[in-house]
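Student: My structure is below; once you've seen it, I'll send some questions.
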Amino acid sequence: MFKRISGARDILPEEVFLWQDIEEISRRTFSLYGYKEIRPPLIEEAHLFKRSLGASSEIIQKQMFLIKNKKELYALRPEGTASIVRSYIENNLQKREGFVKFYYLGPMFRLERPQKGRLRQFHHIGVEAVGSCAADLDVEIISLAENLLKNFSISGFKIKLNSLGCPDDKLKLASILRKNLKGKIAGLCKDCKVRFKKNILRVLDCKNESCRQVIKEVDINEACLCSDCKVHFTKVKQGLDSLKINYEVTPYLVRGLDYYTRTVFEITHDALGAQDALGAGGRYDNLVKELGGPDIGAIGFAFGVERLLLVKTQDTGRKGQGLIYLITLGEKARNEGIRILDSLRRNSLACETDYESKSLKAAMRQANNLGARFVLMLGEDELTKGVITIKDMASGAQKQVKPDTLELIKELKC
Ligand code: HAM
């Protein structure tokens with residue numbers, strides 16, 4: 001017996017409609033903000049991610065799904081941003097389109113220790129706007145993320161916001177941290193002892209209680225930001241205030257990927273437990289240039305679909321929406337039933353039937369389970385009278401009509 005690998009899930013049909021809802025709402029919302037879909041490959045050169053996310057990031061250090069092919073090393077994508085920037089540069093989109101707004105939906109892969117809300121194959125819904133450094137774009141993107149959650153009927157989330165500043169500001173912050181934490185290394189967790197040497201900013205968002213205590217004593221504020229980055233951050237906050245978007249400035253929010261500069265944000269939900277981020281994003285103004293493209297700013301975010309579904313309490317009740325279920329009794333009725341079924345489907349009505357000639361009771365149960373809107377019944381009695389019985393499953397009302405396609409369509413579309 002084969003089993004799925006740990007951290008990968010089967011999304012079964014009874015759940016797929018929830019995914020389709022999330023996807024549909026996303027597509028509709030993205031198009032309102034001018035985002036177009038992009039579908040980069042799931043597999044890329046491993047080096048693309050190392051260069052983008054940073055050699056010392058947790059993803060590169062521990063979580064890459066790598067595939068060796070002769071002298072080349074490929075990776076299943078752990079995230080979408082690097083691929084999209086690669087695609088922007090490779091397809092010369094700066095010359096063709098300049099500023100672009102892309103969205104993407106699809107699986108990502110990280111070799112993590114699976115737990116609630118943390119999988120090895122999970123799914124992102126994300127956007128990337130490449131080609132502008134305007135603070136208005138940061139505001140629009142955070143507003144889009146918030147609006148998406150509202151459209152998914154998700155409430156109770158928090159938006160955490162910070163600015164990391166430009167690369168020089170990040171260096172300044174790292175040096176302040178190094179100075180302040182030097183005498184306190186013993187109080188840090190094992191991971192943070194390594195982070196202290198390799199990627200000191202990551203110590204700031206460690207969830208370990210003893211690290212938090214140590215970090216609390218270090219005064220982190222906007223002092224590290226240069227005047228341009230301070231102005232940018234102020235504009236972002238003012239823009240969010242004017243749209244009445246609630247957020248918390250969180251100086252400890254640094255994010256785990258090296259490409260971030262200036263605005264970073266994370267959207268959390270208490271119902272998720274330890275892995276509390278529904279989604280996250282930020283600016284990466286240096287990445288396009290870093291990967292060989294022009295010197296232009298960019299910003300984006302991604303939500304984890306599995307986590308959205310963990311906190312989404314209302315579903316849209318799409319199960320069986322508009323479904324027609326045909327029950328036939330006897331051989332003759334069966335032949336006539338197959339003709340009706342085919343004709344309704346060719347007229348765009350969703351129909352299902354009982355292939356195993358179950359009893360009427362068993363077939364009705366099946367229709368109920370599927371959430372059918374109408375049941376069509378055809379037996380000896382109906383055949384003799386030249387009619388078909390329609391049962392409205394919501395009201396229980398029954399009526400008999402001619403089994404003529406147009407007549408049926410009229411009745412079943414109401
Ligand atoms: P990220 O924070 O690594 O950012 O991932 C975004 C979201 O994906 C997380 O907030 C979480 O909801 C979900 N997620 C991450 N890892 C897992 C996992 N192992 N299992 C389930 N869900 C997971 C990025 O990937 C950036 N590329 C976002 C971005 C786009 N920044 C700018 N543009």
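Going by the structure tokens order, chains are called A, B, ..., each with residues numbered from 1, while ligands are numbered from 1 in the order shown.
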At a cut-off of 8 Å and counting only C-alpha atoms and all ligand atoms, what residues surround ligand 1? Please answer as a PyMOL selection string.
Tutor: chain A and resi 78-82+109-112+114+117-124+126-128+255-257+260+266-268+275-284+299-308
Student: Keeping only C-alpha atoms, write the selected residues as a PDB file, in the first residue's frame.
Tutor:
```pdb
ATOM      1  CA  PRO A  78       9.787  27.115  -2.217  1.00  0.00           C
ATOM      2  CA  GLU A  79       8.098  30.453  -3.059  1.00  0.00           C
ATOM      3  CA  GLY A  80       7.025  32.476  -6.076  1.00  0.00           C
ATOM      4  CA  THR A  81       8.792  35.853  -5.892  1.00  0.00           C
ATOM      5  CA  ALA A  82      12.206  34.747  -7.191  1.00  0.00           C
ATOM      6  CA  PHE A 109       7.511  23.048  -1.656  1.00  0.00           C
ATOM      7  CA  ARG A 110       9.507  23.256   1.564  1.00  0.00           C
ATOM      8  CA  LEU A 111      11.119  20.334   3.344  1.00  0.00           C
ATOM      9  CA  GLU A 112       9.823  21.323   6.785  1.00  0.00           C
ATOM     10  CA  PRO A 114       5.052  18.989   9.181  1.00  0.00           C
ATOM     11  CA  GLY A 117      -0.610  24.699   9.095  1.00  0.00           C
ATOM     12  CA  ARG A 118       2.912  23.665   8.072  1.00  0.00           C
ATOM     13  CA  LEU A 119       3.212  21.348   5.096  1.00  0.00           C
ATOM     14  CA  ARG A 120       5.854  20.248   2.654  1.00  0.00           C
ATOM     15  CA  GLN A 121       3.610  20.888  -0.305  1.00  0.00           C
ATOM     16  CA  PHE A 122       1.405  23.906   0.334  1.00  0.00           C
ATOM     17  CA  HIS A 123      -0.233  26.515  -1.877  1.00  0.00           C
ATOM     18  CA  HIS A 124       0.292  30.214  -2.350  1.00  0.00           C
ATOM     19  CA  GLY A 126       0.246  35.829  -4.253  1.00  0.00           C
ATOM     20  CA  VAL A 127       0.894  39.032  -6.118  1.00  0.00           C
ATOM     21  CA  GLU A 128       4.021  40.839  -7.278  1.00  0.00           C
ATOM     22  CA  ARG A 255      10.861  38.240   7.786  1.00  0.00           C
ATOM     23  CA  GLY A 256      13.025  35.276   6.920  1.00  0.00           C
ATOM     24  CA  LEU A 257      14.047  36.114   3.372  1.00  0.00           C
ATOM     25  CA  TYR A 260      13.266  42.351   1.710  1.00  0.00           C
ATOM     26  CA  GLU A 266       2.685  39.893   8.064  1.00  0.00           C
ATOM     27  CA  ILE A 267      -0.978  39.061   8.562  1.00  0.00           C
ATOM     28  CA  THR A 268      -1.570  36.801  11.530  1.00  0.00           C
ATOM     29  CA  GLN A 275       2.190  28.921  12.773  1.00  0.00           C
ATOM     30  CA  ASP A 276       0.096  32.050  12.998  1.00  0.00           C
ATOM     31  CA  ALA A 277       0.899  33.800   9.683  1.00  0.00           C
ATOM     32  CA  LEU A 278      -1.913  33.704   7.141  1.00  0.00           C
ATOM     33  CA  GLY A 279       0.258  35.584   4.713  1.00  0.00           C
ATOM     34  CA  ALA A 280       3.128  37.977   4.417  1.00  0.00           C
ATOM     35  CA  GLY A 281       4.968  40.227   2.050  1.00  0.00           C
ATOM     36  CA  GLY A 282       6.982  43.322   1.511  1.00  0.00           C
ATOM     37  CA  ARG A 283       9.260  45.324  -0.753  1.00  0.00           C
ATOM     38  CA  TYR A 284      12.279  43.863  -2.484  1.00  0.00           C
ATOM     39  CA  ILE A 299       6.623  44.616  -3.765  1.00  0.00           C
ATOM     40  CA  GLY A 300       4.335  41.636  -3.240  1.00  0.00           C
ATOM     41  CA  PHE A 301       2.739  39.236  -0.800  1.00  0.00           C
ATOM     42  CA  ALA A 302       1.549  35.651  -0.577  1.00  0.00           C
ATOM     43  CA  PHE A 303      -1.151  33.921   1.448  1.00  0.00           C
ATOM     44  CA  GLY A 304      -0.934  30.234   2.386  1.00  0.00           C
ATOM     45  CA  VAL A 305      -4.177  28.687   1.115  1.00  0.00           C
ATOM     46  CA  GLU A 306      -4.164  25.819   3.656  1.00  0.00           C
ATOM     47  CA  ARG A 307      -3.970  28.391   6.454  1.00  0.00           C
ATOM     48  CA  LEU A 308      -6.761  30.497   4.932  1.00  0.00           C
TER      49      LEU A 308
END
```
Student: Would you pick out the contacts of Val236 in chain A at 7 Å or less, using only C-alpha atoms, so that residues sharing its chain but fewer than 2 positions from it are not included, and give the list as a PyMOL selection string?
Tutor: chain A and resi 135-136+138-139+232-234+238-240
Student: Would you mind exporting all heavy atoms of the selected residues as a PDB file, in the first residue's frame?
Tutor:
```
ATOM      1  N   ALA A 135       5.399  54.697  -2.522  1.00  0.00           N
ATOM      2  CA  ALA A 135       4.794  54.263  -1.255  1.00  0.00           C
ATOM      3  C   ALA A 135       3.297  53.979  -1.438  1.00  0.00           C
ATOM      4  O   ALA A 135       2.722  53.143  -0.743  1.00  0.00           O
ATOM      5  CB  ALA A 135       5.005  55.334  -0.194  1.00  0.00           C
ATOM      6  N   ASP A 136       2.679  54.669  -2.412  1.00  0.00           N
ATOM      7  CA  ASP A 136       1.251  54.426  -2.689  1.00  0.00           C
ATOM      8  C   ASP A 136       1.000  52.964  -3.060  1.00  0.00           C
ATOM      9  O   ASP A 136      -0.059  52.417  -2.787  1.00  0.00           O
ATOM     10  CB  ASP A 136       0.785  55.269  -3.883  1.00  0.00           C
ATOM     11  CG  ASP A 136       0.713  56.738  -3.526  1.00  0.00           C
ATOM     12  OD1 ASP A 136       0.823  57.044  -2.332  1.00  0.00           O
ATOM     13  OD2 ASP A 136       0.554  57.558  -4.455  1.00  0.00           O
ATOM     14  N   ASP A 138       2.691  50.388  -1.907  1.00  0.00           N
ATOM     15  CA  ASP A 138       2.721  49.597  -0.662  1.00  0.00           C
ATOM     16  C   ASP A 138       1.337  49.636  -0.013  1.00  0.00           C
ATOM     17  O   ASP A 138       0.813  48.620   0.451  1.00  0.00           O
ATOM     18  CB  ASP A 138       3.739  50.156   0.347  1.00  0.00           C
ATOM     19  CG  ASP A 138       5.132  50.319  -0.229  1.00  0.00           C
ATOM     20  OD1 ASP A 138       5.237  50.566  -1.439  1.00  0.00           O
ATOM     21  OD2 ASP A 138       6.106  50.209   0.524  1.00  0.00           O
ATOM     22  N   VAL A 139       0.760  50.856  -0.002  1.00  0.00           N
ATOM     23  CA  VAL A 139      -0.561  51.028   0.619  1.00  0.00           C
ATOM     24  C   VAL A 139      -1.596  50.210  -0.144  1.00  0.00           C
ATOM     25  O   VAL A 139      -2.394  49.473   0.438  1.00  0.00           O
ATOM     26  CB  VAL A 139      -0.956  52.540   0.633  1.00  0.00           C
ATOM     27  CG1 VAL A 139      -2.363  52.723   1.170  1.00  0.00           C
ATOM     28  CG2 VAL A 139       0.050  53.338   1.452  1.00  0.00           C
ATOM     29  N   HIS A 232       9.461  57.340   3.410  1.00  0.00           N
ATOM     30  CA  HIS A 232       8.680  56.290   2.743  1.00  0.00           C
ATOM     31  C   HIS A 232       7.746  55.609   3.752  1.00  0.00           C
ATOM     32  O   HIS A 232       6.544  55.442   3.494  1.00  0.00           O
ATOM     33  CB  HIS A 232       9.637  55.261   2.116  1.00  0.00           C
ATOM     34  CG  HIS A 232       8.933  54.217   1.308  1.00  0.00           C
ATOM     35  ND1 HIS A 232       8.776  54.296  -0.061  1.00  0.00           N
ATOM     36  CD2 HIS A 232       8.313  53.057   1.672  1.00  0.00           C
ATOM     37  CE1 HIS A 232       8.102  53.246  -0.491  1.00  0.00           C
ATOM     38  NE2 HIS A 232       7.821  52.474   0.553  1.00  0.00           N
ATOM     39  N   PHE A 233       8.306  55.256   4.901  1.00  0.00           N
ATOM     40  CA  PHE A 233       7.519  54.534   5.917  1.00  0.00           C
ATOM     41  C   PHE A 233       6.368  55.417   6.429  1.00  0.00           C
ATOM     42  O   PHE A 233       5.239  54.945   6.607  1.00  0.00           O
ATOM     43  CB  PHE A 233       8.439  54.087   7.058  1.00  0.00           C
ATOM     44  CG  PHE A 233       7.811  53.045   7.950  1.00  0.00           C
ATOM     45  CD1 PHE A 233       6.966  52.063   7.455  1.00  0.00           C
ATOM     46  CD2 PHE A 233       8.085  53.040   9.322  1.00  0.00           C
ATOM     47  CE1 PHE A 233       6.394  51.094   8.285  1.00  0.00           C
ATOM     48  CE2 PHE A 233       7.523  52.069  10.156  1.00  0.00           C
ATOM     49  CZ  PHE A 233       6.670  51.111   9.633  1.00  0.00           C
ATOM     50  N   THR A 234       6.664  56.708   6.618  1.00  0.00           N
ATOM     51  CA  THR A 234       5.607  57.625   7.089  1.00  0.00           C
ATOM     52  C   THR A 234       4.480  57.688   6.063  1.00  0.00           C
ATOM     53  O   THR A 234       3.302  57.630   6.415  1.00  0.00           O
ATOM     54  CB  THR A 234       6.195  59.044   7.329  1.00  0.00           C
ATOM     55  OG1 THR A 234       7.284  58.908   8.225  1.00  0.00           O
ATOM     56  CG2 THR A 234       5.173  59.993   7.897  1.00  0.00           C
ATOM     57  N   GLN A 238       0.626  56.757   6.721  1.00  0.00           N
ATOM     58  CA  GLN A 238      -0.442  57.759   6.491  1.00  0.00           C
ATOM     59  C   GLN A 238      -1.462  57.243   5.477  1.00  0.00           C
ATOM     60  O   GLN A 238      -2.663  57.426   5.648  1.00  0.00           O
ATOM     61  CB  GLN A 238       0.171  59.073   5.980  1.00  0.00           C
ATOM     62  CG  GLN A 238       0.818  59.872   7.093  1.00  0.00           C
ATOM     63  CD  GLN A 238       1.623  61.058   6.569  1.00  0.00           C
ATOM     64  OE1 GLN A 238       1.934  61.142   5.375  1.00  0.00           O
ATOM     65  NE2 GLN A 238       1.983  61.968   7.463  1.00  0.00           N
ATOM     66  N   GLY A 239      -0.956  56.580   4.446  1.00  0.00           N
ATOM     67  CA  GLY A 239      -1.854  56.036   3.418  1.00  0.00           C
ATOM     68  C   GLY A 239      -2.795  54.996   4.015  1.00  0.00           C
ATOM     69  O   GLY A 239      -4.000  54.985   3.722  1.00  0.00           O
ATOM     70  N   LEU A 240      -2.260  54.141   4.863  1.00  0.00           N
ATOM     71  CA  LEU A 240      -3.101  53.105   5.485  1.00  0.00           C
ATOM     72  C   LEU A 240      -4.122  53.756   6.420  1.00  0.00           C
ATOM     73  O   LEU A 240      -5.283  53.344   6.458  1.00  0.00           O
ATOM     74  CB  LEU A 240      -2.235  52.102   6.255  1.00  0.00           C
ATOM     75  CG  LEU A 240      -1.334  51.218   5.395  1.00  0.00           C
ATOM     76  CD1 LEU A 240      -0.407  50.370   6.259  1.00  0.00           C
ATOM     77  CD2 LEU A 240      -2.168  50.305   4.488  1.00  0.00           C
TER      78      LEU A 240
END
```
Student: With a distance cut-off of 9 Å and only C-alpha atoms, select the neighbouring residues of range 28-37 of chain A, excluding the residue or stretch itself and same-chain residues fewer than 2 positions from it, and output the selection as a list in words.
Tutor: Glu23, Glu24, Ile25, Ser26, Arg39, Val100, Lys101, Phe102, Tyr103, Tyr104, Leu105, Val127, Glu128, Ala129, Glu140, Leu144, Asn147, Leu148 and Asn151 of chain A
Student: Can you tell me, as a compact mmCIF listing (two decimals) with C-alpha atoms, in the first residue's frame, what residues are no more than 10 Å from Val203 in chain A when counting only C-alpha atoms, ignoring any on the same chain fewer than 2 positions away?
Tutor:
```txt
# COMPACT_ATOMS: atom_id res chain seq x y z
CA LEU A 177 22.09 44.20 17.26
CA LEU A 181 23.50 41.03 21.89
CA LEU A 188 19.69 32.78 23.09
CA CYS A 189 18.33 29.49 21.73
CA ASP A 191 19.18 28.44 16.36
CA CYS A 192 19.70 32.06 17.38
CA LYS A 193 23.30 31.36 18.37
CA VAL A 194 23.83 30.36 14.73
CA ARG A 195 21.71 33.30 13.50
CA PHE A 196 23.87 35.67 15.57
CA ASN A 199 21.89 36.27 9.86
CA ILE A 200 21.53 38.36 12.98
CA LEU A 201 18.29 40.12 11.95
CA ASP A 205 11.55 37.41 15.16
CA CYS A 206 12.51 34.21 16.99
CA LYS A 207 9.45 32.75 18.74
CA ASN A 208 11.48 31.21 21.59
CA CYS A 211 15.19 34.88 23.02
CA ARG A 212 12.21 37.21 23.25
CA VAL A 214 16.77 39.01 25.55
CA ILE A 215 15.52 40.95 22.53
CA TYR A 252 10.66 43.06 15.59
CA VAL A 254 12.09 41.18 9.95
```
Student: Just the residues within 6 Å of Leu378 in chain A, please, counting only C-alpha atoms, with nothing from its chain fewer than 6 positions along; format it as number ranges by chain.
Tutor: A: 328, 333, 388
Student: Could you check which of A:Val311, A:Lys184, A:Lys358, A:Phe152 is closest to Ile22 in chain A, using only C-alpha atoms?
Tutor: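 Of all the options, A:Phe152 lies closest to Ile22 in chain A.
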Student: For Val401 in chain A, please output as a PDB file with N, CA, C and O atoms, in the first residue's frame all residues within 12 Å (counting only C-alpha atoms; exclusion window: fewer than 2 positions along the same chain).
Tutor:
```
ATOM      1  N   LEU A 376     -35.247  14.294 -10.671  1.00  0.00           N
ATOM      2  CA  LEU A 376     -36.173  13.896 -11.743  1.00  0.00           C
ATOM      3  C   LEU A 376     -36.467  12.419 -11.547  1.00  0.00           C
ATOM      4  O   LEU A 376     -35.526  11.631 -11.357  1.00  0.00           O
ATOM      5  N   MET A 377     -37.738  12.026 -11.579  1.00  0.00           N
ATOM      6  CA  MET A 377     -38.082  10.618 -11.404  1.00  0.00           C
ATOM      7  C   MET A 377     -38.841  10.108 -12.630  1.00  0.00           C
ATOM      8  O   MET A 377     -39.798  10.751 -13.085  1.00  0.00           O
ATOM      9  N   LEU A 378     -38.374   8.959 -13.113  1.00  0.00           N
ATOM     10  CA  LEU A 378     -38.998   8.371 -14.297  1.00  0.00           C
ATOM     11  C   LEU A 378     -39.169   6.880 -14.045  1.00  0.00           C
ATOM     12  O   LEU A 378     -38.186   6.142 -13.914  1.00  0.00           O
ATOM     13  N   GLU A 382     -44.839   7.012 -15.000  1.00  0.00           N
ATOM     14  CA  GLU A 382     -44.554   8.226 -15.784  1.00  0.00           C
ATOM     15  C   GLU A 382     -44.508   7.906 -17.285  1.00  0.00           C
ATOM     16  O   GLU A 382     -45.046   8.653 -18.107  1.00  0.00           O
ATOM     17  N   LEU A 383     -43.868   6.745 -17.612  1.00  0.00           N
ATOM     18  CA  LEU A 383     -43.740   6.377 -19.026  1.00  0.00           C
ATOM     19  C   LEU A 383     -45.115   6.207 -19.660  1.00  0.00           C
ATOM     20  O   LEU A 383     -45.377   6.671 -20.771  1.00  0.00           O
ATOM     21  N   LYS A 385     -47.890   7.586 -18.735  1.00  0.00           N
ATOM     22  CA  LYS A 385     -48.586   8.877 -18.867  1.00  0.00           C
ATOM     23  C   LYS A 385     -47.862   9.840 -19.811  1.00  0.00           C
ATOM     24  O   LYS A 385     -48.373  10.910 -20.126  1.00  0.00           O
ATOM     25  N   GLY A 386     -46.613   9.509 -20.198  1.00  0.00           N
ATOM     26  CA  GLY A 386     -45.818  10.412 -21.054  1.00  0.00           C
ATOM     27  C   GLY A 386     -45.359  11.643 -20.299  1.00  0.00           C
ATOM     28  O   GLY A 386     -45.346  12.755 -20.847  1.00  0.00           O
ATOM     29  N   VAL A 387     -44.991  11.480 -19.020  1.00  0.00           N
ATOM     30  CA  VAL A 387     -44.514  12.631 -18.217  1.00  0.00           C
ATOM     31  C   VAL A 387     -43.232  12.239 -17.462  1.00  0.00           C
ATOM     32  O   VAL A 387     -42.808  11.082 -17.512  1.00  0.00           O
ATOM     33  N   ILE A 388     -42.668  13.229 -16.774  1.00  0.00           N
ATOM     34  CA  ILE A 388     -41.552  12.957 -15.852  1.00  0.00           C
ATOM     35  C   ILE A 388     -41.850  13.748 -14.575  1.00  0.00           C
ATOM     36  O   ILE A 388     -42.435  14.845 -14.645  1.00  0.00           O
ATOM     37  N   THR A 389     -41.507  13.192 -13.395  1.00  0.00           N
ATOM     38  CA  THR A 389     -41.789  13.885 -12.131  1.00  0.00           C
ATOM     39  C   THR A 389     -40.567  14.716 -11.726  1.00  0.00           C
ATOM     40  O   THR A 389     -39.442  14.209 -11.751  1.00  0.00           O
ATOM     41  N   ILE A 390     -40.844  15.970 -11.358  1.00  0.00           N
ATOM     42  CA  ILE A 390     -39.756  16.839 -10.857  1.00  0.00           C
ATOM     43  C   ILE A 390     -40.008  17.089  -9.381  1.00  0.00           C
ATOM     44  O   ILE A 390     -41.101  17.528  -9.008  1.00  0.00           O
ATOM     45  N   LYS A 391     -39.008  16.809  -8.554  1.00  0.00           N
ATOM     46  CA  LYS A 391     -39.151  17.134  -7.129  1.00  0.00           C
ATOM     47  C   LYS A 391     -38.197  18.270  -6.796  1.00  0.00           C
ATOM     48  O   LYS A 391     -36.987  18.181  -7.052  1.00  0.00           O
ATOM     49  N   GLN A 398     -43.730  18.592  -5.694  1.00  0.00           N
ATOM     50  CA  GLN A 398     -43.533  17.745  -6.880  1.00  0.00           C
ATOM     51  C   GLN A 398     -44.478  18.189  -7.980  1.00  0.00           C
ATOM     52  O   GLN A 398     -45.588  18.629  -7.704  1.00  0.00           O
ATOM     53  N   LYS A 399     -44.024  18.057  -9.219  1.00  0.00           N
ATOM     54  CA  LYS A 399     -44.948  18.303 -10.332  1.00  0.00           C
ATOM     55  C   LYS A 399     -44.541  17.414 -11.507  1.00  0.00           C
ATOM     56  O   LYS A 399     -43.395  16.929 -11.567  1.00  0.00           O
ATOM     57  N   PRO A 403     -41.626  15.132 -20.790  1.00  0.00           N
ATOM     58  CA  PRO A 403     -40.155  14.979 -20.754  1.00  0.00           C
ATOM     59  C   PRO A 403     -39.473  15.617 -21.955  1.00  0.00           C
ATOM     60  O   PRO A 403     -38.493  15.110 -22.481  1.00  0.00           O
ATOM     61  N   ASP A 404     -40.008  16.744 -22.361  1.00  0.00           N
ATOM     62  CA  ASP A 404     -39.491  17.467 -23.507  1.00  0.00           C
ATOM     63  C   ASP A 404     -38.357  18.396 -23.021  1.00  0.00           C
ATOM     64  O   ASP A 404     -38.490  19.046 -21.985  1.00  0.00           O
ATOM     65  N   THR A 405     -37.238  18.427 -23.752  1.00  0.00           N
ATOM     66  CA  THR A 405     -36.053  19.145 -23.265  1.00  0.00           C
ATOM     67  C   THR A 405     -36.353  20.608 -22.931  1.00  0.00           C
ATOM     68  O   THR A 405     -36.006  21.090 -21.860  1.00  0.00           O
ATOM     69  N   LEU A 406     -37.024  21.306 -23.849  1.00  0.00           N
ATOM     70  CA  LEU A 406     -37.265  22.736 -23.608  1.00  0.00           C
ATOM     71  C   LEU A 406     -38.142  22.958 -22.385  1.00  0.00           C
ATOM     72  O   LEU A 406     -37.893  23.844 -21.567  1.00  0.00           O
ATOM     73  N   GLU A 407     -39.148  22.096 -22.262  1.00  0.00           N
ATOM     74  CA  GLU A 407     -40.064  22.180 -21.112  1.00  0.00           C
ATOM     75  C   GLU A 407     -39.278  21.979 -19.809  1.00  0.00           C
ATOM     76  O   GLU A 407     -39.419  22.732 -18.841  1.00  0.00           O
ATOM     77  N   LEU A 408     -38.403  20.966 -19.824  1.00  0.00           N
ATOM     78  CA  LEU A 408     -37.610  20.654 -18.627  1.00  0.00           C
ATOM     79  C   LEU A 408     -36.664  21.808 -18.288  1.00  0.00           C
ATOM     80  O   LEU A 408     -36.537  22.194 -17.129  1.00  0.00           O
ATOM     81  N   ILE A 409     -36.023  22.341 -19.307  1.00  0.00           N
ATOM     82  CA  ILE A 409     -35.065  23.440 -19.058  1.00  0.00           C
ATOM     83  C   ILE A 409     -35.773  24.600 -18.377  1.00  0.00           C
ATOM     84  O   ILE A 409     -35.275  25.176 -17.415  1.00  0.00           O
ATOM     85  N   LYS A 410     -36.986  24.900 -18.869  1.00  0.00           N
ATOM     86  CA  LYS A 410     -37.769  26.012 -18.292  1.00  0.00           C
ATOM     87  C   LYS A 410     -38.012  25.758 -16.796  1.00  0.00           C
ATOM     88  O   LYS A 410     -37.815  26.616 -15.956  1.00  0.00           O
ATOM     89  N   GLU A 411     -38.408  24.540 -16.480  1.00  0.00           N
ATOM     90  CA  GLU A 411     -38.740  24.198 -15.090  1.00  0.00           C
ATOM     91  C   GLU A 411     -37.489  24.168 -14.194  1.00  0.00           C
ATOM     92  O   GLU A 411     -37.511  24.590 -13.052  1.00  0.00           O
ATOM     93  N   LEU A 412     -36.394  23.616 -14.754  1.00  0.00           N
ATOM     94  CA  LEU A 412     -35.218  23.359 -13.915  1.00  0.00           C
ATOM     95  C   LEU A 412     -34.315  24.579 -13.772  1.00  0.00           C
ATOM     96  O   LEU A 412     -33.440  24.587 -12.918  1.00  0.00           O
TER      97      LEU A 412
END
```
Student: I'd like to know which of A:Ile125, A:Leu173, A:Gly379, A:Thr263 is closest to Asp219 in chain A, using only C-alpha atoms.
Tutor: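 So, comparing all the options, the nearest one is A:Leu173.
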Student: Near Ala350 in chain A, within 8 Å and counting only C-alpha atoms, which residues show up once chain neighbours fewer than 2 positions away are dropped, as a list in words?
Tutor: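 Residues meeting the cut-off are Gly322, Leu323, Ile324, Leu344, Arg345, Ser348 and Glu352 of chain A.
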Student: What are the DSSP strand (DSSP E or B) residues of range 58-278 of chain A, as an MDAnalysis selection string?
Tutor: chainID A and resid 65:69 72:76 100:109 115 118 121:130 157:163 248:249 261:269 277:278
Student: Would you mind exporting the chosen residues as a short mmCIF file (atom, residue, chain, number, x, y, z; two decimals), in the first residue's frame, restricted to C-alpha atoms?
Tutor:
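Done, and the output landed in part-v8.cif:
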```cif
data_model
loop_
_atom_site.label_atom_id
_atom_site.label_comp_id
_atom_site.auth_asym_id
_atom_site.auth_seq_id
_atom_site.Cartn_x
_atom_site.Cartn_y
_atom_site.Cartn_z
CA PHE A 65 13.59 20.05 -2.38
CA LEU A 66 16.61 19.57 -4.60
CA ILE A 67 16.92 17.47 -7.75
CA LYS A 68 20.32 16.73 -9.20
CA ASN A 69 20.59 16.29 -12.95
CA GLU A 72 22.85 20.89 -12.73
CA LEU A 73 20.94 21.37 -9.52
CA TYR A 74 17.23 22.08 -9.75
CA ALA A 75 14.79 22.94 -6.98
CA LEU A 76 11.04 22.64 -6.56
CA VAL A 100 3.77 44.99 -14.24
CA LYS A 101 1.27 43.59 -11.77
CA PHE A 102 1.14 39.81 -11.61
CA TYR A 103 -0.76 37.29 -9.53
CA TYR A 104 -0.18 33.57 -9.14
CA LEU A 105 -1.84 30.56 -7.56
CA GLY A 106 -0.17 27.23 -7.05
CA PRO A 107 1.88 24.75 -5.05
CA MET A 108 5.14 25.55 -3.25
CA PHE A 109 7.51 23.05 -1.66
CA GLN A 115 2.57 20.22 11.79
CA ARG A 118 2.91 23.67 8.07
CA GLN A 121 3.61 20.89 -0.30
CA PHE A 122 1.41 23.91 0.33
CA HIS A 123 -0.23 26.52 -1.88
CA HIS A 124 0.29 30.21 -2.35
CA ILE A 125 -2.01 32.89 -3.63
CA GLY A 126 0.25 35.83 -4.25
CA VAL A 127 0.89 39.03 -6.12
CA GLU A 128 4.02 40.84 -7.28
CA ALA A 129 4.09 44.41 -8.59
CA VAL A 130 7.41 45.01 -10.30
CA PHE A 157 -6.71 38.90 11.60
CA LYS A 158 -3.95 41.37 12.50
CA ILE A 159 -1.71 43.27 10.12
CA LYS A 160 1.82 43.69 11.47
CA LEU A 161 3.93 46.31 9.74
CA ASN A 162 7.57 47.34 9.82
CA SER A 163 10.22 48.98 7.70
CA GLU A 248 0.33 47.46 14.30
CA VAL A 249 3.86 48.74 13.83
CA THR A 261 13.92 46.08 1.99
CA ARG A 262 11.77 48.88 3.43
CA THR A 263 8.12 47.88 4.00
CA VAL A 264 7.48 44.38 5.37
CA PHE A 265 4.21 43.04 6.70
CA GLU A 266 2.68 39.89 8.06
CA ILE A 267 -0.98 39.06 8.56
CA THR A 268 -1.57 36.80 11.53
CA HIS A 269 -4.57 35.00 13.03
CA ALA A 277 0.90 33.80 9.68
CA LEU A 278 -1.91 33.70 7.14
#
```
Student: One decimal, Å: what's the distance from CA of Phe49 in chain A over to CA of Asp258 in chain A, could you say?
Tutor: 10.6 Å
Student: Taking only range 22-171 of chain A into account, list the residues labelled alpha helix (DSSP H) by DSSP (computed from the backbone), as an NGL selection string.
Tutor: :A and (22-32 or 46-53 or 58-62 or 81-90 or 93-96 or 135-151 or 167-171)
Student: Ranking A:Ser83, A:Ser143, A:Asp270, A:Gln400 by minimum distance to Leu310 in chain A and counting only C-alpha atoms, which one comes first?
Tutor: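 Going through A:Ser83, A:Ser143, A:Asp270, A:Gln400 one by one, the smallest distance to Leu310 in chain A is for A:Asp270.
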